[in-house]
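Enquirer: As input, take work19.cif (mmCIF, C-alpha atoms and all ligand atoms):
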data_coords
#
loop_
_atom_site.label_atom_id
_atom_site.label_comp_id
_atom_site.auth_asym_id
_atom_site.auth_seq_id
_atom_site.Cartn_x
_atom_site.Cartn_y
_atom_site.Cartn_z
CA MET A 1 26.27 113.39 37.77
CA ASN A 2 28.79 115.64 39.47
CA ALA A 3 28.90 119.38 39.17
CA ALA A 4 31.47 122.11 39.65
CA SER A 5 31.23 123.53 43.18
CA PRO A 6 31.08 127.31 43.79
CA ARG A 7 34.84 127.24 44.33
CA GLY A 8 35.22 125.87 40.83
CA LYS A 9 36.37 122.49 42.04
CA ILE A 10 34.92 119.27 40.79
CA GLN A 11 33.07 117.01 43.18
CA ALA A 12 34.27 113.47 42.72
CA ASP A 13 31.28 111.61 44.14
CA LEU A 14 32.34 108.36 42.57
CA PHE A 15 35.72 108.70 44.20
CA ALA A 16 34.20 109.21 47.64
CA GLU A 17 31.85 106.28 47.15
CA ALA A 18 34.67 103.95 46.18
CA ALA A 19 36.84 105.21 49.06
CA SER A 20 34.39 103.85 51.60
CA ASN A 21 34.43 100.36 50.15
CA ALA A 22 35.97 97.79 52.45
CA ASP A 23 37.17 95.67 49.49
CA ALA A 24 39.75 98.32 48.56
CA PRO A 25 43.07 96.70 47.58
CA GLN A 26 46.01 97.43 49.88
CA SER A 27 48.72 97.50 47.21
CA LEU A 28 49.05 97.93 43.45
CA ARG A 29 50.00 94.27 43.22
CA GLU A 30 46.83 93.26 45.02
CA ALA A 31 44.79 95.58 42.81
CA ARG A 32 46.35 94.16 39.65
CA GLU A 33 45.68 90.58 40.76
CA ALA A 34 42.07 91.34 41.67
CA ALA A 35 41.49 93.22 38.40
CA ALA A 36 42.66 90.17 36.42
CA THR A 37 39.34 88.46 37.22
CA CYS A 38 37.16 91.60 37.11
CA ARG A 39 33.50 91.03 36.24
CA ARG A 40 32.24 94.57 36.99
CA CYS A 41 31.00 94.88 33.41
CA HIS A 42 30.64 92.54 30.45
CA LEU A 43 33.79 93.59 28.54
CA TRP A 44 35.92 90.84 30.09
CA GLU A 45 34.00 88.24 28.06
CA TYR A 46 35.49 89.34 24.75
CA ALA A 47 38.90 90.73 25.67
CA THR A 48 42.03 88.60 25.99
CA GLN A 49 42.90 89.92 29.43
CA THR A 50 42.67 92.85 31.83
CA VAL A 51 45.24 95.50 30.97
CA PHE A 52 46.12 97.07 34.29
CA GLY A 53 48.25 100.18 34.79
CA GLU A 54 52.01 100.04 34.74
CA GLY A 55 54.72 102.03 36.49
CA PRO A 56 56.14 102.76 39.92
CA GLY A 57 53.84 103.21 42.90
CA SER A 58 55.93 106.26 43.80
CA ALA A 59 55.08 108.06 40.53
CA THR A 60 54.18 111.75 40.89
CA VAL A 61 52.24 111.70 37.64
CA VAL A 62 49.61 109.23 36.42
CA PHE A 63 48.66 109.26 32.73
CA VAL A 64 45.17 107.97 32.01
CA GLY A 65 44.13 106.84 28.54
CA GLU A 66 40.80 105.51 27.33
CA GLN A 67 41.07 101.73 27.07
CA PRO A 68 43.59 99.19 25.75
CA GLY A 69 43.68 98.74 21.98
CA ASP A 70 44.25 95.57 19.97
CA GLN A 71 47.99 95.37 20.68
CA GLU A 72 47.63 96.26 24.35
CA ASP A 73 44.97 93.57 24.73
CA LEU A 74 47.37 90.95 23.36
CA ALA A 75 50.44 92.22 25.25
CA GLY A 76 48.65 92.90 28.56
CA LYS A 77 50.37 96.31 28.78
CA PRO A 78 49.00 99.83 28.30
CA PHE A 79 50.07 102.08 25.42
CA VAL A 80 52.31 99.71 23.46
CA GLY A 81 50.50 99.99 20.08
CA PRO A 82 50.49 102.88 17.55
CA ALA A 83 49.08 105.45 20.03
CA GLY A 84 51.63 104.31 22.60
CA LYS A 85 54.46 104.77 20.11
CA MET A 86 53.29 108.31 19.38
CA PHE A 87 53.01 108.95 23.14
CA ASP A 88 56.53 107.59 23.74
CA ALA A 89 58.02 109.69 20.92
CA VAL A 90 56.48 112.92 22.28
CA LEU A 91 57.55 112.10 25.85
CA GLU A 92 61.06 111.53 24.57
CA ASP A 93 61.03 114.92 22.82
CA ALA A 94 59.93 116.46 26.13
CA ASP A 95 62.79 114.65 27.89
CA PHE A 96 60.17 112.98 30.04
CA ASP A 97 61.00 109.49 31.31
CA ARG A 98 57.88 107.31 30.94
CA LYS A 99 59.38 104.71 33.30
CA LYS A 100 59.13 107.21 36.15
CA THR A 101 55.41 107.72 35.49
CA TYR A 102 52.39 105.46 35.95
CA VAL A 103 50.39 104.80 32.78
CA THR A 104 46.89 103.36 32.88
CA ASN A 105 43.46 103.51 31.27
CA ALA A 106 39.96 104.51 32.36
CA VAL A 107 38.64 101.15 31.09
CA LYS A 108 40.81 98.09 31.48
CA HIS A 109 39.38 95.72 28.89
CA PHE A 110 39.56 96.15 25.11
CA LYS A 111 36.13 96.91 23.63
CA PHE A 112 35.87 96.17 19.93
CA GLU A 113 33.66 95.22 17.00
CA PRO A 114 34.83 92.18 15.04
CA ARG A 115 35.17 93.03 11.34
CA GLY A 116 36.44 90.05 9.39
CA ARG A 117 39.72 89.11 11.02
CA LYS A 118 40.16 92.60 12.46
CA ARG A 119 39.01 93.93 15.81
CA ILE A 120 37.90 97.53 15.45
CA HIS A 121 38.12 99.78 18.55
CA SER A 122 34.74 100.69 19.99
CA LYS A 123 34.32 103.57 22.46
CA PRO A 124 33.38 102.55 26.00
CA ASN A 125 30.00 103.83 27.18
CA ALA A 126 29.22 105.70 30.42
CA GLY A 127 28.22 102.48 32.25
CA GLU A 128 31.48 100.76 31.33
CA ILE A 129 33.49 103.84 32.35
CA GLN A 130 31.68 103.97 35.68
CA ALA A 131 32.06 100.23 36.32
CA CYS A 132 35.81 100.46 35.71
CA HIS A 133 36.21 103.64 37.75
CA TRP A 134 36.71 101.42 40.79
CA TRP A 135 40.10 100.32 39.45
CA LEU A 136 41.29 103.77 38.43
CA HIS A 137 40.23 105.06 41.82
CA SER A 138 42.18 102.26 43.53
CA GLU A 139 45.30 103.04 41.52
CA LEU A 140 45.11 106.76 42.37
CA LYS A 141 44.40 106.11 46.02
CA LEU A 142 47.44 103.85 46.32
CA ILE A 143 49.82 106.04 44.28
CA LYS A 144 48.67 109.46 45.52
CA PRO A 145 50.22 111.37 42.60
CA GLU A 146 50.75 115.13 42.37
CA LEU A 147 48.88 115.14 39.11
CA ALA A 148 46.75 112.90 36.90
CA VAL A 149 46.67 113.55 33.16
CA ALA A 150 43.44 112.93 31.27
CA LEU A 151 44.43 111.82 27.79
CA GLY A 152 41.15 112.54 26.01
CA ALA A 153 37.45 112.62 26.84
CA THR A 154 36.96 109.14 28.32
CA ALA A 155 39.80 109.60 30.80
CA ALA A 156 38.49 113.07 31.73
CA GLN A 157 34.99 111.66 32.27
CA SER A 158 36.28 108.97 34.60
CA LEU A 159 38.63 111.28 36.51
CA LEU A 160 36.11 114.11 36.90
CA GLY A 161 32.90 112.13 37.11
CA ARG A 162 31.26 114.01 34.24
CA ALA A 163 31.77 114.69 30.54
CA ILE A 164 33.82 117.85 29.88
CA PRO A 165 34.72 119.77 26.70
CA VAL A 166 38.31 118.58 26.20
CA THR A 167 39.13 121.03 23.41
CA LYS A 168 38.06 123.96 25.63
CA LEU A 169 39.91 122.80 28.76
CA ARG A 170 42.93 121.37 26.98
CA GLY A 171 46.23 122.49 28.49
CA THR A 172 44.60 123.47 31.79
CA THR A 173 44.44 121.89 35.22
CA VAL A 174 41.16 121.22 37.02
CA GLU A 175 41.29 120.57 40.76
CA ARG A 176 38.93 118.00 42.24
CA GLU A 177 37.36 118.35 45.66
CA ASP A 178 39.74 115.72 47.02
CA GLY A 179 42.63 117.97 45.95
CA LEU A 180 43.83 115.85 43.03
CA LYS A 181 44.86 118.01 40.07
CA ILE A 182 43.73 116.79 36.67
CA PHE A 183 45.60 118.09 33.61
CA VAL A 184 43.43 117.84 30.50
CA THR A 185 44.81 117.11 27.04
CA VAL A 186 44.01 115.14 23.91
CA HIS A 187 44.52 111.43 23.37
CA PRO A 188 47.66 110.59 21.34
CA SER A 189 45.54 108.57 18.87
CA TYR A 190 43.91 111.88 17.86
CA LEU A 191 47.28 112.93 16.40
CA LEU A 192 47.46 109.71 14.39
CA ARG A 193 44.06 110.34 12.80
CA ILE A 194 44.88 113.80 11.36
CA PRO A 195 45.28 113.24 7.60
CA ASP A 196 47.01 116.51 6.73
CA GLU A 197 50.71 116.33 7.56
CA VAL A 198 51.11 120.05 8.34
CA ALA A 199 48.10 120.01 10.68
CA LYS A 200 49.36 116.80 12.26
CA GLN A 201 52.78 118.32 13.02
CA ALA A 202 51.13 121.44 14.48
CA GLU A 203 48.97 119.29 16.78
CA ARG A 204 51.98 117.21 17.73
CA ARG A 205 53.78 120.41 18.80
CA ARG A 206 50.76 121.39 20.94
CA PHE A 207 50.78 117.95 22.56
CA LEU A 208 54.52 118.31 23.17
CA ASP A 209 53.87 121.66 24.88
CA ASP A 210 51.27 119.93 27.06
CA MET A 211 53.75 117.21 28.04
CA ARG A 212 56.34 119.86 28.96
CA LYS A 213 53.74 121.56 31.17
CA VAL A 214 52.89 118.22 32.83
CA LYS A 215 56.55 117.52 33.49
CA LYS A 216 56.92 120.87 35.19
CA LEU A 217 53.69 120.55 37.19
CA ALA A 218 54.74 117.10 38.41
CA GLY A 219 58.15 118.47 39.47
CA MET A 220 60.07 116.11 37.18
N1 LIG B 301 44.69 103.84 23.73
C1 LIG B 301 44.48 103.98 25.06
O1 LIG B 301 43.71 104.83 25.50
N2 LIG B 301 45.15 103.19 25.88
C2 LIG B 301 46.01 102.28 25.48
O2 LIG B 301 46.58 101.60 26.32
C3 LIG B 301 46.22 102.16 24.08
C4 LIG B 301 45.55 102.94 23.23
#
Rewrite the structure of this file - the entire thing - as structure tokens.
Ligand code: URA

Expert:
Amino acid sequence: MNAASPRGKIQADLFAEAASNADAPQSLREAREAAATCRRCHLWEYATQTVFGEGPGSATVVFVGEQPGDQEDLAGKPFVGPAGKMFDAVLEDADFDRKKTYVTNAVKHFKFEPRGRKRIHSKPNAGEIQACHWWLHSELKLIKPELAVALGATAAQSLLGRAIPVTKLRGTTVEREDGLKIFVTVHPSYLLRIPDEVAKQAERRRFLDDMRKVKKLAGM
């Protein structure tokens, strides 16, 4: 497990380890094609397909979610289901063009429990997050963004190499040893799960503030 260095930066050991691997893809297209047949963990067996990241290779900001949901698994695209719609609506309110950003997930296969005809989202475990880190690392290495945004705990764990208290660090930027800045915020699905409408709107405003900060930090 990684630890904060005396300078307060996070050591990204996993990142360094992956960087030395000779199999590293040379382009996002190559990475996407290789990820389509990924067998780094067992999740591929149950999912419809790998859901790789989407967006321009020149993006200055990379948003990282947890894993594809039911609709993303079927569409083969990240953040197109209910959480994606919430994300899009808040980005629009922040006057933030999603098409100029790169959107991906820490884990690239849908993990679920079958319940009748439904597939219920199941949180990826540390081993699955670590196995899939290879792909997130490859995306970041090829894009070289100004900023990566951890949307929730799973993304933060993959980006920083350790579990962090998201509620405590929310709205702040943590710098990794390799210089990559990680902005920490909540996952948009968190907003969808708040039952009380007043509380939900308050949290949506906080998320909107976070997106405005990200836009500024990424120089967009
Ligand atoms: N939740 C995520 O974290 N990612 C998606 O792509 C969809 C829902």

Enquirer: Can you work out which residues are within 9 Å of ligand LIG 301 (chain B), considering only C-alpha atoms and all ligand atoms, and then hand them over as number ranges by chain?

Expert: A: 51, 53, 64-73, 77-84, 103-108, 110, 151-152, 154-155, 187-189

Enquirer: So that I can check the surroundings of Leu208 of chain A, please list as a list in words every protein, DNA and RNA residue that reaches within 7 Å of it, counting only C-alpha atoms and ignoring chain neighbours fewer than 4 positions away.

Expert: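 Close residues of Leu208 of chain A: Val90, Ala94, Arg204 and Arg212 of chain A.
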
Enquirer: When you look at Leu140 of chain A with a cut-off of 10 Å (counting all atoms listed in the file), what residues show up, excluding the ones that are within fewer than 6 positions of it in the same chain? I need them as a list in words.

Expert: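 The residues that qualify are Phe15, Leu28, Gly57, Val61, Val62, Tyr102, Leu147, Ala148, Leu159 and Leu180 of chain A.
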
Enquirer: Could you tell me how far atom CA of Gln130 of chain A sits from atom CA of Leu43 of chain A, in Å to one decimal place?

Expert: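 Result for atom CA of Leu43 of chain A versus atom CA of Gln130 of chain A: 12.8 Å, one decimal.
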
Enquirer: Calculated over only C-alpha atoms, which of the candidates A:Arg162, A:Lys85, A:Arg170, A:Lys141 has the smallest distance to Ala126 of chain A?

Expert: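 Between A:Arg162, A:Lys85, A:Arg170, A:Lys141, the residue approaching Ala126 of chain A most closely is A:Arg162.
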
Enquirer: Could you tell me how far atom CA of Leu142 of chain A lies from atom CA of Phe52 of chain A, in Å and to one decimal?

Expert: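 Calculated distance between atom CA of Leu142 of chain A and atom CA of Phe52 of chain A is 13.9 Å.
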
Enquirer: Fewer than 4 positions away in the same chain doesn't count, so skip those; otherwise give me all residues within 7 Å of Val184 of chain A, counting all atoms listed in the file, as number ranges by chain.

Expert: A: 149-151, 156, 166, 169-173

Enquirer: Quick one, how far is atom CA of Thr60 of chain A from atom CA of Glu146 of chain A?

Expert: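 Interatomic distance here is 5.0 Å.
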
Enquirer: Between A:Lys181, A:Arg40, A:Lys123, A:Arg176, which is the closest to Val214 of chain A once you count all atoms listed in the file?

Expert: A:Lys181
